[in-house]
Amino acid sequence: MIKRRHFLRSSAATLALPFLESVGFRKFATAAAPATPAKRMIFIAMGYGVTQETWFPDRQQTGRGFVLPPGLAPLARHKEDVTIVQGLSNRYSEDAHAGSTFWLSGANPHEGGAVFHNGISADQVAAAAFGKETRFASLQLNGSDKDLSGPGHGQGLSLAWDNRGKPIGGQNSPLAAFNRLFSAENISVENLRLRLAQKRSLLDTVLEEARDLQGRLAKNDLDKLDEYFQGIREIEVRLSKDEQWQSVPKPKSPLQAPPEGPLGREEIRLMYDLMAAALQTDSTRVITYRLPIANLLTSLGVKVAAHDMSHYNPGERMEASQRRDVANSELLAGLLDKLKGVPEANGSRLFDHTTVVFGSNISNVHNLTNCPTLITGGGASVKLGHHIVVSKDTPLCNVWLTLLRGSGLELERHGDSSGVVKELIA
Amino acid sequence: MIHPCFRILKIASFLAAGALIALPSRAQEPAAVIPAKHQALLKEHCISCHGAEKQKGKFRVDELPFTIADNLNAERWQKVLNALNSGEMPPEEEKQLPGGAKADFLDDLSKVMVEARRNLGDTKGVIAMRRLNQREYGNTLRDLLGVTMDVRELPNDKNSSGFDTAGSSLFMSGDQFEQYLELGRESVNEAFERNDRGALVKKERFEAEKGLLERVSKSLKKRIESRVAYNKWTRAVDKAAALPENKTATADLRKAGQGKSAHLFYHSWAEISGAPSPVDYGFIDAQDASFAASDGTWNRNVPYQSWFLSQAENQTGAWLTVGDNQVNSYFNFNVHGWPAGDYVVRVRAAASEKVLPERRFIEFGMGGGNPFSHESTRMVAGTLAEPQIIEFPVTLTAKGQRTFFVRERGTHDDDNQPNLKQNVGIQENGVGLDFAIWIDWAEVERLPAKLPAPGMRALAAVVGDVRSNIPPGELHKALEDFCLEAFRGQKASPGFLKRLVEVYADRRGHGENHRVALTETLALVLSSPRFLYLVEPSGAVANDGGSVSDPRTASKRQSGGACNLSALELASRLSYFLWSAPPDEALRELGASGALLKPEILSAQTTRLLDDPRSTGFLRPFLHQWLRMDRLDFFRFNNVLYPDFDMSTKEAARMEVYETFAYVLRENRSLRELLKSDYAVVNGLLAQYYKLVGVSGDQFQVVKLAVDSPRGGLLGMAAIHGMGSNGEHSSPIERGAWVLRKLLNDPPPPAPANVPQLSRLEGKLLTTRERLLAHQEQPQCASCHRKIDPIGFGLENFDAVGQWRDEDSYERSGVGRKKWPVEPAGAFHKGPAFGSYFELRDLIHARADGFSRGFSLALMQYALGRSIAFRDETLVGKMLSEAKSQDFALRSFIHTLVLSEEFRSK
């Protein structure tokens, strides 16, 4: 208990440090801080959707003059910065238990007659461009639920899917995320170089074996072996990156190492602290997060099981669903506080250059239309503080396209997008 | 190096002009066809807007073919299905589809869509190479190195739609490769540690009474002293509060404290001038004071603790208590620092004859991480006069736990369980439950190592110690042998071996010791594709450079696009099917010699593998996934409503499913017995739960049932009914859908998205039946629920934990409570009627064809690791007719499958 409080206290304190404190870790030691702060993106998925009746603003109240419904009430202090979009959906989605699998890709799960197919997720499109300059091209975070790919989020190892539609794994606890971002080893540059060389030779060795096999397999098998090659390639890319970064020490964490074990609400709070810290130290510019569901409910003292909660009806289950909404909004408000509290080199705030999306492919119960979509942060120059109702069947991917383009990417389309959401552009 | 499959394909296309048709004929190409009778419905309700003239939303229904044969049309029909399900079409102002016709159409369309997807996803019988899944990987390390590794860090590879053997869902990523590398190092280290300490035999005994009375007396003394000190302090605070100058402050505090615990008044002692601090009375603060001297401790714990201290049996052993960790709710002991290996833990225990038989069980577990878990539950048959020694075989891993515990059954499933239990005892005698379990001692013994595992045998010459210097030639030979074991009989490429030796040399050159360098080298073998994947090159080019035309390994193209497996590949496929583990020496030899290709030998090996204990590696994961037993862990069972369905009962109930199936498999009995049987397979614990007499002990055993028993077969099992509940109430929908999916092979289509929710009835006090009848009102719900619900109602005599009931009730706080008699009577949709659960069970039992068909499909999907398509109908038919001729003998399904062309090709 004492440990946790200490961590929180110290996190609040350090986040308030002037930006210059961390600028030294920003890029290669020699590179100067850029004049314009970089663009960042955060995607947070809640799996199951929201409570229809108490999360969505009144459809008649569009524009700035909308009233925050109870499910979003804890975001009141950020109301001017939060935009809600209604009417979006992924047209191919048909699995009412997969709120995250296709959320950022909009892919057709049966493309080409496949039993299961997915496409690249929006975060990875961003990572391919923004990730070149940071130690980690992107960060994939997951909640601690035992079966995170069970009902709620659906198949996948995180929100991220690579350019071949394969799942990308991530860190499932605040401690694991902290270690990846900040834990530094006491190792000399020569030793580091040696280690990288040795790692390369390990990869070369298994590749030797894989190539031998490659010559002996039929085409169907080669597709599978290709995944193996792809895996090795990922590590090679990572190694080149490590090489590039070997003379730059990992940034000093603005936070203490989080404790092991807190689940649910506290775990999310810690993850949000780490997300802010990861952006603050410019360790990465793209982050995704699959929120815990079951553990969040447990930590709120809710006795209703997650799946039951998602099938809410007036009564205990609906109350559980609403408490989940409120808790998520409170936590999100906390994240926004943090992003607003981190100054950039030019005097603006980290918040002003970051896009934060909070949502799900599932709207509520078994409904996949009107995917709940909350957008905040100034990274993509979209209208904030608005309630926007788009025409029915507008692809969710139109929003991803709008945000990616708004963040400076030149992009023709994403997923099944048919264009940008004009109402969203400031 | 052209793969022979391609080569033959070329020849085939060469001859295509006339000879292509000469390929063996298969079942007719599949077609998913919507019954033509629905044409009129579409014409009347859709075409006026979505026809040639209007084409609203650029969508035409008139052009949609009733045979779905391609993806484009599948998408279009999906759109129709979605629009009807969501109620979006027809628009509100238009004429609506009549309920019955709409339900029928939706029923047919959703079924045809499932069929169409199945056809479109057809892999033409080709089984692509696949990665070992999480459990196979763990088993493979076990059989190769003799180690037990915790592989839970790896993705569990379960997917929602099928089995964890489905190659298309078994991915690989950079992160995962790193995990394999690390797990490879760990398992090699573990194998070395076991190898080094192989002969070490070590034993230690822990007396339960050691230090016990002293510790418990001390705790009691402390509790009494705290109570005295607390009373002294609070009286002193009261005295100060009564002073005239504190009149206002006291009144305010009393007012604020109204309706709250009396303790809280004293927490504000500082606001009362002249009141003493709790610190002066030996407490840390007021919180500490009220906790240490709470009424709960005083009224519940102190009498129970005193009673405990008065027990003579605690001089020579120790009673276990129900709750109160300051007394003896756990007996803990540890062997910190002992090496990895196989151990046995013995506990000498007795059960009191004064307590109910349900309490004469102990739970045994390792570690202290989660108090609410354990490894096993055992019946204690020993008495105080004649205690019994109970043995628990355990494996200690290098990184794993060294602490053990024993506790009374059902006292630590969650936080409030001990209190719930103790309340019963306090109600009875004012003090607490009679002591049930007495422990004399526990003993931990390390067992001498078994024969070294094949991987370690291959390395025998080079294992050495950290200082060893191994000549490269010897190392090369050892690595070559090790790879042969690790790759299940396939050879490593020369280039790989050369590089392995270089890696080793490089590490040594950089000052690493022999063991570290060797570990690093071997970890690479365990992360290479020939280890991680079930590689089936079909001897395209024999590893030794041998000829492709070698009759043992040559493959031929078949009509479906599949290739035959070599005997060696077949050995792996067979063992991963029936053991989820690599082939043993005997099987591999038959693979290497080619003998396994002979049907009679393949059949004999199938029998041998099924008889081996390793076949639980097939049985349990298969059943778990096929029957969707994960549902048993979806919900926490409410232990206020169901105190008897504790963690131990739940585990026994889960095991009943496995053990019943294992019995049918072992004795090669009829699959139909899973639908209804005159016996149950239970252990002593579960027999008590089912109130079956004459069963004792922890072994699952066959018990003859009374004629009127609801048990016998899956429908009589607590686990199955628990899966069809939410931990509090039975769910007729889950149960009905499960019966349709698993027992009748008439699966309802997946729950459609965007169906409007029924909520108007919530908050009213209705019977389950009344509530669910609303499902029949809307056609899009009725299309499935008219089939699902009657079956679910027929099972309502079982409560959420599978106990029989004649009455059900529903309670909603603030509204009230309603009770009603269970009325199981109903009828299958467009089928026969039943008046009771027993009649329903008979009807299901009579439909064994559907059940065995569903079982065959699941078995094929699991064994082949691919989706099952229309073209597989021939094999399904063969499995069914063969099984039927043997009264559905369980092994017949497996034998027919193993001997099929489908199983022997890729």
# chains A, B, ... in the order shown; residues from 1 in each chain; ligands from 1
call {"tool": "closest_atom_pairs", "arguments": {"of": "chain B", "to": "chain A", "cutoff": "6 Å", "atoms": "only C-alpha atoms", "output": "JSON lines"}}
result
{"residue": "B:Leu120", "atom": "CA", "partner": "A:Gly113", "partner_atom": "CA", "distance": 4.9}
{"residue": "B:Gly121", "atom": "CA", "partner": "A:Gly113", "partner_atom": "CA", "distance": 5.0}
{"residue": "B:Ala128", "atom": "CA", "partner": "A:Asp221", "partner_atom": "CA", "distance": 5.1}
{"residue": "B:Met129", "atom": "CA", "partner": "A:Asp221", "partner_atom": "CA", "distance": 5.0}
{"residue": "B:Met172", "atom": "CA", "partner": "A:Glu227", "partner_atom": "CA", "distance": 5.8}
{"residue": "B:Ser173", "atom": "CA", "partner": "A:Gly231", "partner_atom": "CA", "distance": 4.3}
{"residue": "B:Gly174", "atom": "CA", "partner": "A:Gly231", "partner_atom": "CA", "distance": 4.0}
{"residue": "B:Phe496", "atom": "CA", "partner": "A:Glu209", "partner_atom": "CA", "distance": 5.3}
{"residue": "B:Arg499", "atom": "CA", "partner": "A:Thr205", "partner_atom": "CA", "distance": 5.8}
{"residue": "B:Ser528", "atom": "CA", "partner": "A:Val206", "partner_atom": "CA", "distance": 5.3}
{"residue": "B:Pro537", "atom": "CA", "partner": "A:Leu217", "partner_atom": "CA", "distance": 5.2}
{"residue": "B:Ala753", "atom": "CA", "partner": "A:His366", "partner_atom": "CA", "distance": 5.0}
{"residue": "B:Asn754", "atom": "CA", "partner": "A:Asn367", "partner_atom": "CA", "distance": 4.1}
{"residue": "B:Ser759", "atom": "CA", "partner": "A:Asn313", "partner_atom": "CA", "distance": 5.9}
call {"tool": "select_by_dssp", "arguments": {"residues": "region 98-193 of chain A", "states": "strand (DSSP E)", "output": "PyMOL selection string"}}
result
chain A and resi 139-142
call {"tool": "write_last_selection", "arguments": {"atoms": "C-alpha atoms", "output": "compact mmCIF listing (two decimals), in the first residue's frame"}}
result
# COMPACT_ATOMS: atom_id res chain seq x y z
CA LEU A 139 4.12 -0.01 -27.82
CA GLN A 140 1.37 -2.60 -27.38
CA LEU A 141 -0.14 -2.79 -23.93
CA ASN A 142 -2.71 -5.24 -22.67
call {"tool": "closest_residue", "arguments": {"among": "A:Val82, A:Ala333, A:Ile187, A:Ala137", "to": "Ala278 (chain A)", "atoms": "only C-alpha atoms"}}
result
A:Ala137
call {"tool": "select_by_dssp", "arguments": {"residues": "region 258-385 of chain A", "states": "helix (DSSP H, G or I)", "output": "ChimeraX atom specification"}}
result
/A:265-280,294-299,306-310,316-341,350-353
call {"tool": "residues_around", "arguments": {"residues": "Leu396 (chain A)", "least_positions_apart": "2", "cutoff": "9 Å", "atoms": "only C-alpha atoms", "output": "list in words"}}
result
Gly87, Leu88, Ser89, Asn90, Arg91, Trp103, Leu104, Gly106, Asn361, Cys371, Thr373, Asp393, Thr394, Asn398, Val399, Trp400, Leu401, Asp416 and Ser417 of chain A
call {"tool": "write_last_selection", "arguments": {"atoms": "C-alpha atoms", "output": "PDB file, in the first residue's frame"}}
result
ATOM      1  CA  GLY A  87     -22.922   6.467 -36.459  1.00  0.00           C
ATOM      2  CA  LEU A  88     -19.666   4.665 -37.277  1.00  0.00           C
ATOM      3  CA  SER A  89     -19.267   0.971 -37.939  1.00  0.00           C
ATOM      4  CA  ASN A  90     -17.001  -1.628 -39.483  1.00  0.00           C
ATOM      5  CA  ARG A  91     -19.210  -3.094 -42.148  1.00  0.00           C
ATOM      6  CA  TRP A 103     -11.490  -2.310 -34.517  1.00  0.00           C
ATOM      7  CA  LEU A 104      -8.460  -0.627 -36.059  1.00  0.00           C
ATOM      8  CA  GLY A 106     -11.861  -2.718 -40.582  1.00  0.00           C
ATOM      9  CA  ASN A 361     -16.020  -2.239 -32.328  1.00  0.00           C
ATOM     10  CA  CYS A 371     -19.261   1.956 -32.496  1.00  0.00           C
ATOM     11  CA  THR A 373     -15.822   6.606 -30.528  1.00  0.00           C
ATOM     12  CA  ASP A 393     -22.968   3.190 -42.193  1.00  0.00           C
ATOM     13  CA  THR A 394     -20.069   5.620 -42.328  1.00  0.00           C
ATOM     14  CA  ASN A 398     -12.963   6.965 -42.317  1.00  0.00           C
ATOM     15  CA  VAL A 399     -12.130   8.204 -38.834  1.00  0.00           C
ATOM     16  CA  TRP A 400      -8.819   6.338 -38.808  1.00  0.00           C
ATOM     17  CA  LEU A 401      -8.018   7.847 -42.212  1.00  0.00           C
ATOM     18  CA  ASP A 416     -12.593  -0.088 -46.041  1.00  0.00           C
ATOM     19  CA  SER A 417     -12.515   3.712 -45.805  1.00  0.00           C
TER      20      SER A 417
END
